[in-house]
Structures are given as C-alpha cells and as structure tokens.
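*Asks:* Below you'll find run05.csv; it's CSV, C-alpha atoms.
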chain,number,residue,atom,x,y,z
D,61,MET,CA,-3.0,-1.0,-32.0
D,62,ILE,CA,-5.5,1.6,-33.4
D,63,ALA,CA,-5.5,0.1,-36.9
D,64,GLY,CA,-6.4,-3.3,-35.4
D,65,TYR,CA,-9.3,-1.7,-33.5
D,66,LEU,CA,-10.9,-0.4,-36.7
D,67,GLY,CA,-11.7,-4.0,-37.6
D,68,GLU,CA,-13.5,-4.5,-34.3
D,69,LYS,CA,-16.4,-2.1,-34.9
D,70,ASN,CA,-19.4,-4.2,-34.1
D,71,GLN,CA,-19.7,-3.0,-30.5
D,72,VAL,CA,-19.4,0.6,-31.6
D,73,GLN,CA,-22.1,0.2,-34.2
D,74,TYR,CA,-24.3,-1.4,-31.6
D,75,ALA,CA,-23.7,1.5,-29.2
D,76,ALA,CA,-24.6,3.9,-32.1
D,77,SER,CA,-27.9,2.1,-32.6
D,78,LYS,CA,-28.7,2.6,-28.9
D,79,ILE,CA,-28.2,6.3,-29.0
D,80,MET,CA,-29.4,7.2,-32.5
D,81,ASN,CA,-32.9,8.2,-31.4
D,82,ALA,CA,-31.9,10.3,-28.4
D,83,ASP,CA,-32.9,14.0,-28.3
D,84,SER,CA,-30.1,14.7,-25.8
D,85,LEU,CA,-27.0,12.8,-24.5
D,86,LEU,CA,-24.5,13.2,-21.7
D,87,TYR,CA,-20.8,12.2,-21.8
D,88,ILE,CA,-19.1,11.8,-18.4
D,89,GLY,CA,-15.5,11.1,-17.5
D,90,ARG,CA,-12.8,12.1,-15.0
D,91,GLY,CA,-9.3,13.6,-15.6
D,92,LEU,CA,-8.1,12.9,-19.2
D,93,ASP,CA,-11.3,11.1,-19.9
D,94,TYR,CA,-13.3,14.3,-19.3
D,95,ALA,CA,-11.3,16.0,-22.0
D,96,LEU,CA,-12.0,13.0,-24.3
D,97,CYS,CA,-15.7,13.3,-23.5
D,98,MET,CA,-15.7,16.9,-24.6
D,99,GLU,CA,-14.2,15.9,-28.0
D,100,GLY,CA,-16.7,13.0,-28.3
D,101,SER,CA,-19.6,15.2,-27.5
D,102,LEU,CA,-18.5,17.8,-30.1
D,103,LYS,CA,-18.1,15.2,-32.8
D,104,LEU,CA,-21.5,13.7,-32.1
D,105,LYS,CA,-23.1,17.2,-32.3
D,106,GLU,CA,-21.3,18.1,-35.5
D,107,ILE,CA,-22.5,15.2,-37.6
D,108,SER,CA,-25.5,13.6,-35.9
D,109,TYR,CA,-27.2,16.8,-34.7
D,110,ILE,CA,-28.0,15.3,-31.3
D,111,HIS,CA,-27.7,17.7,-28.4
D,112,SER,CA,-24.9,16.5,-26.2
D,113,GLU,CA,-22.9,17.8,-23.3
D,114,ALA,CA,-19.8,16.6,-21.6
D,115,ASP,CA,-19.5,16.9,-17.8
D,116,ALA,CA,-16.8,15.9,-15.3
D,117,ALA,CA,-18.2,12.8,-13.7
D,118,GLY,CA,-17.3,14.1,-10.2
D,119,GLU,CA,-19.4,17.2,-10.8
D,120,LEU,CA,-22.7,15.4,-11.6
D,121,LYS,CA,-24.4,16.5,-8.3
D,122,HIS,CA,-23.8,20.1,-9.2
D,123,GLY,CA,-26.5,20.2,-11.8
D,124,PRO,CA,-26.1,17.6,-14.6
D,125,ILE,CA,-27.7,14.8,-12.6
D,126,ALA,CA,-31.0,16.8,-12.8
D,127,LEU,CA,-31.0,16.2,-16.6
D,128,ILE,CA,-30.8,12.4,-16.3
D,129,SER,CA,-33.9,10.3,-17.1
D,130,ASP,CA,-34.7,7.1,-18.9
D,131,GLN,CA,-34.7,9.1,-22.1
D,132,THR,CA,-31.1,10.4,-21.7
D,133,PRO,CA,-28.3,8.0,-22.8
D,134,VAL,CA,-25.0,8.5,-21.0
D,135,VAL,CA,-21.6,7.7,-22.6
D,136,ALA,CA,-19.2,7.1,-19.8
D,137,VAL,CA,-15.5,7.0,-20.5
D,138,ALA,CA,-13.4,5.2,-17.9
D,139,THR,CA,-9.9,4.5,-19.4
D,140,GLN,CA,-7.9,5.9,-16.5
D,141,SER,CA,-7.3,3.0,-14.1
D,142,ASP,CA,-6.5,5.2,-11.1
D,143,LEU,CA,-10.0,6.9,-11.5
D,144,TYR,CA,-11.9,3.9,-12.6
D,145,GLU,CA,-13.7,3.0,-9.3
D,146,LYS,CA,-14.8,6.7,-8.8
D,147,THR,CA,-16.1,6.8,-12.4
D,148,VAL,CA,-18.1,3.6,-11.9
D,149,SER,CA,-19.6,5.1,-8.8
D,150,ASN,CA,-20.8,8.1,-10.9
D,151,ILE,CA,-22.1,5.7,-13.5
D,152,LYS,CA,-24.2,3.9,-10.9
D,153,GLU,CA,-25.7,7.3,-10.0
D,154,VAL,CA,-27.0,7.9,-13.5
D,155,LYS,CA,-28.1,4.2,-13.9
D,156,ALA,CA,-30.2,4.6,-10.7
D,157,ARG,CA,-32.0,7.5,-12.4
D,158,GLY,CA,-32.9,5.3,-15.4
D,159,ALA,CA,-30.1,6.3,-17.9
D,160,LYS,CA,-28.9,3.8,-20.5
D,161,VAL,CA,-25.2,3.7,-20.3
D,162,VAL,CA,-22.6,3.1,-22.9
D,163,LEU,CA,-19.3,2.5,-21.2
D,164,MET,CA,-15.9,2.8,-22.8
D,165,CYS,CA,-13.1,1.2,-20.8
D,166,GLY,CA,-9.9,-0.8,-21.1
D,167,GLU,CA,-9.9,-4.5,-22.0
D,168,SER,CA,-9.1,-5.7,-18.5
D,169,ALA,CA,-11.6,-3.5,-16.6
D,170,GLU,CA,-13.9,-5.4,-14.3
D,171,VAL,CA,-17.5,-4.3,-15.1
D,172,GLY,CA,-20.4,-5.4,-13.0
D,173,ASP,CA,-23.8,-6.2,-14.5
D,174,ASP,CA,-25.3,-3.1,-12.9
D,175,VAL,CA,-22.9,-0.7,-14.5
D,176,ALA,CA,-23.5,-0.5,-18.3
D,177,ASP,CA,-26.0,-1.5,-21.0
D,178,CYS,CA,-23.3,-1.5,-23.6
D,179,ILE,CA,-19.5,-1.9,-23.2
D,180,ILE,CA,-16.9,-0.8,-25.7
D,181,ARG,CA,-13.5,-2.2,-24.7
D,182,ILE,CA,-10.3,-0.7,-26.0
D,183,PRO,CA,-6.8,-2.0,-26.1
D,184,GLU,CA,-4.8,-1.0,-23.1
D,185,THR,CA,-1.6,1.0,-23.3
D,186,ASP,CA,0.2,3.6,-21.2
D,187,ILE,CA,-2.4,5.6,-19.1
D,188,LEU,CA,-1.4,8.8,-20.8
D,189,LEU,CA,-2.0,7.3,-24.3
D,190,MET,CA,-5.4,5.7,-23.5
D,191,PRO,CA,-7.4,8.8,-24.5
D,192,ILE,CA,-5.7,8.7,-28.0
D,193,VAL,CA,-6.8,5.1,-28.4
D,194,ALA,CA,-10.3,5.8,-27.0
D,195,SER,CA,-10.8,8.8,-29.4
D,196,VAL,CA,-11.1,6.3,-32.4
D,197,PRO,CA,-14.2,4.5,-31.1
D,198,LEU,CA,-15.8,7.8,-29.9
D,199,GLN,CA,-15.4,9.3,-33.4
D,200,LEU,CA,-16.7,6.1,-35.0
D,201,MET,CA,-19.7,6.1,-32.7
D,202,ALA,CA,-20.5,9.7,-33.8
D,203,TYR,CA,-20.0,8.6,-37.4
D,204,TYR,CA,-22.3,5.5,-37.2
D,205,THR,CA,-24.9,7.4,-35.3
D,206,ALA,CA,-25.0,10.0,-38.0
D,207,VAL,CA,-25.2,7.4,-40.7
D,208,LEU,CA,-28.0,5.6,-38.9
D,209,ARG,CA,-29.9,8.9,-38.7
D,210,GLY,CA,-29.5,9.3,-42.5
D,211,ASN,CA,-27.2,12.3,-42.3
D,212,ASP,CA,-24.6,13.2,-44.9
D,213,VAL,CA,-21.4,12.9,-42.9
D,214,ASP,CA,-19.4,14.4,-45.7
D,215,GLN,CA,-21.4,17.6,-45.8
D,216,PRO,CA,-22.4,18.5,-42.2
D,217,ARG,CA,-24.8,21.4,-42.0
D,218,ASN,CA,-23.7,24.7,-40.7
D,219,LEU,CA,-20.0,23.8,-40.4
D,220,ALA,CA,-17.3,25.5,-42.3
D,221,LYS,CA,-14.3,23.5,-43.5
D,222,SER,CA,-12.1,26.5,-42.7
D,223,VAL,CA,-12.5,29.6,-40.5
D,224,THR,CA,-12.1,32.8,-42.5
D,225,VAL,CA,-13.6,35.3,-40.0
D,226,GLU,CA,-12.0,36.3,-36.7
Re-express the file's structure as structure tokens.

*Replies:*
Amino acid sequence: MIAGYLGEKNQVQYAASKIMNADSLLYIGRGLDYALCMEGSLKLKEISYIHSEADAAGELKHGPIALISDQTPVVAVATQSDLYEKTVSNIKEVKARGAKVVLMCGESAEVGDDVADCIIRIPETDILLMPIVASVPLQLMAYYTAVLRGNDVDQPRNLAKSVTVE
C-alpha cells in the first residue's frame, strides 16, 4: 500500500510548490491526526527551515486562529473518519481567514469546493493505521519543499545525526 503510493507523488509535489515560499505554516488535525501533524511539522522544520507549528484542530480558537492570514498556509490532516466532519469545520474557519489549505484525507472522503486548495488523498486502511500511511506523503512534502527551496536534504543545518550529550 505505501510502496504503491510512492509512485503517486504528483499531488505531494504540487502541495510542496504551494508552501515552499511560506515564512510560517500551521498543521492541524484531531486525535491521531494531531500526533501526525506534530511529526509533519517537525520534518518540515528540519529540512526546509520554514517555521511551522502543529495544533489540535479543536483548539484553534484558543490562540492559533489569531496567526492565520492569507500568508499562512495550513496543512490539515483528516484521516480519522469519526472526526472528519469536525476537522472540516475547523478547516473552514481557517479558510474564512484567507489561509490556503492543503488537505490530506482518505480516498473516499467527500471534500467540498470550499474546503481545500490542494488535496492529497491516501489509500484507506484500518483507522488506527491511517497515520502510518499518511506519514509517507507528509515526509515527502517536507522533502520536496526543501528541494524546491534549494536546501541540501542530506546535510540539514544544525542537526546532529546522533545525540551525544544528555
């Protein structure tokens, strides 16, 4: 399933081209998707050097919504079918404030025209395994973004390959 997805990279490359010039970026998701957003944000920071944060989509009104503008892309991860509608509601909140949204969701998710500017669809599997599948395109998006910015992805600055100090 994941190996097959690696061949379908066009949408991920397109998403990377949409976020490559951002100064700051926000990832949002609920439940397991929030944990995935934290990982995606970390990977993007490490190799693209774009400031990014991950926030629980349900907590937007407690501060992060103030950071949203038409200059702030939002990566929304909505792979959990039981939380999908609530996440879409949060996505619409950031869209209403001018954000350009990259949405990552399952193949069968119904997405209205008012929800996302770019959609990355992933193969569907057991709900508990969806974050594992979704981690691949999130890492690829960080990779392609860094490459488009001209960064050396094999030698990220200020990162140690191993931790030697406690």

*Asks:* Quick one: pull the distance between CA of Ala117 (chain D) and CA of Lys146 (chain D), Å, one decimal.

*Replies:*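 Atom-to-atom, CA of Ala117 (chain D) to CA of Lys146 (chain D), that is 8.5 Å.
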
*Asks:* Which of these, D:Leu104, D:Val213, D:Ala114, D:Val154, has the shortest distance to Asp130 (chain D) once you count all atoms listed in the file?

*Replies:*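 Of D:Leu104, D:Val213, D:Ala114, D:Val154, the one nearest Asp130 (chain D), counting all atoms listed in the file, is D:Val154.
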
*Asks:* As an exercise, work out the distance from CA of Ser141 (chain D) to CA of Val193 (chain D) in Å and give it to one decimal place.

*Replies:* 14.5 Å

*Asks:* In Å, how far is it from CA of Met190 (chain D) to CA of Val161 (chain D)?

*Replies:*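 Atom-to-atom, CA of Met190 (chain D) and CA of Val161 (chain D) are spaced 20.2 Å apart.
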
*Asks:* Smallest atom-to-atom distance to Thr205 (chain D): which of D:Gln71, D:Ser108, D:Ser101, D:Thr147, using all atoms listed in the file?

*Replies:* D:Ser108

*Asks:* Using all atoms listed in the file, which of D:Lys78, D:Arg209, D:Arg90, D:Lys103 sits nearest Gly118 (chain D)?

*Replies:*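 For Gly118 (chain D), the nearest of the given residues is D:Arg90.
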
*Asks:* Please return as a PyMOL selection string every residue within 6 Å of (-21.6, 3.8, -16.4), taking into account only C-alpha atoms and the file's own coordinates.

*Replies:* chain D and resi 136+148+151+161+163+175-176

*Asks:* Please determine, counting all atoms listed in the file, which residue among D:Gly100, D:Asn70, D:Gly172, D:Glu113 has the shortest atom-to-atom distance to Ser149 (chain D).

*Replies:*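 Distance minimum relative to Ser149 (chain D) lands on D:Gly172.
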
*Asks:* Which is closest to Leu143 (chain D) among D:Asp93, D:Ile180, D:Ile79, D:Ile125, if we use all atoms listed in the file?

*Replies:* D:Asp93

*Asks:* Find the residues near Ile182 (chain D): any atom within 10 Å, counting only C-alpha atoms, skip ones fewer than 2 places away on the same chain, and give them as a PyMOL selection string.

*Replies:* chain D and resi 61-62+65+68+139+164-169+179-180+184-185+190+193-194+196-197

*Asks:* Please provide as a PDB file with C-alpha atoms, keeping the file's coordinate frame all residues within 12 Å of Lys105 (chain D), with the sequence filter that same-chain residues fewer than 5 positions apart are discarded (counting all atoms listed in the file).

*Replies:*
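part-v8.pdb, freshly written:
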ATOM      1  CA  MET D  80     -29.400   7.200 -32.500  1.00  0.00           C
ATOM      2  CA  ALA D  82     -31.900  10.300 -28.400  1.00  0.00           C
ATOM      3  CA  ASP D  83     -32.900  14.000 -28.300  1.00  0.00           C
ATOM      4  CA  SER D  84     -30.100  14.700 -25.800  1.00  0.00           C
ATOM      5  CA  LEU D  85     -27.000  12.800 -24.500  1.00  0.00           C
ATOM      6  CA  LEU D  86     -24.500  13.200 -21.700  1.00  0.00           C
ATOM      7  CA  TYR D  87     -20.800  12.200 -21.800  1.00  0.00           C
ATOM      8  CA  MET D  98     -15.700  16.900 -24.600  1.00  0.00           C
ATOM      9  CA  GLU D  99     -14.200  15.900 -28.000  1.00  0.00           C
ATOM     10  CA  GLY D 100     -16.700  13.000 -28.300  1.00  0.00           C
ATOM     11  CA  ILE D 110     -28.000  15.300 -31.300  1.00  0.00           C
ATOM     12  CA  HIS D 111     -27.700  17.700 -28.400  1.00  0.00           C
ATOM     13  CA  SER D 112     -24.900  16.500 -26.200  1.00  0.00           C
ATOM     14  CA  GLU D 113     -22.900  17.800 -23.300  1.00  0.00           C
ATOM     15  CA  ALA D 114     -19.800  16.600 -21.600  1.00  0.00           C
ATOM     16  CA  GLN D 199     -15.400   9.300 -33.400  1.00  0.00           C
ATOM     17  CA  MET D 201     -19.700   6.100 -32.700  1.00  0.00           C
ATOM     18  CA  ALA D 202     -20.500   9.700 -33.800  1.00  0.00           C
ATOM     19  CA  TYR D 203     -20.000   8.600 -37.400  1.00  0.00           C
ATOM     20  CA  THR D 205     -24.900   7.400 -35.300  1.00  0.00           C
ATOM     21  CA  ALA D 206     -25.000  10.000 -38.000  1.00  0.00           C
ATOM     22  CA  ASN D 211     -27.200  12.300 -42.300  1.00  0.00           C
ATOM     23  CA  VAL D 213     -21.400  12.900 -42.900  1.00  0.00           C
ATOM     24  CA  PRO D 216     -22.400  18.500 -42.200  1.00  0.00           C
ATOM     25  CA  ARG D 217     -24.800  21.400 -42.000  1.00  0.00           C
ATOM     26  CA  ASN D 218     -23.700  24.700 -40.700  1.00  0.00           C
ATOM     27  CA  LEU D 219     -20.000  23.800 -40.400  1.00  0.00           C
TER      28      LEU D 219
END

*Asks:* Pick out the closest residue to Val171 (chain D) from this set: D:Ala75, D:Leu92, D:Ala138, D:Ala156. Count all atoms listed in the file.

*Replies:* D:Ala138

*Asks:* May I have the residues within 9 Å of Ala116 (chain D) as a ChimeraX atom specification, using only C-alpha atoms and disregarding those fewer than 4 positions away in the same chain?

*Replies:* /D:87-91,93-95,97,120
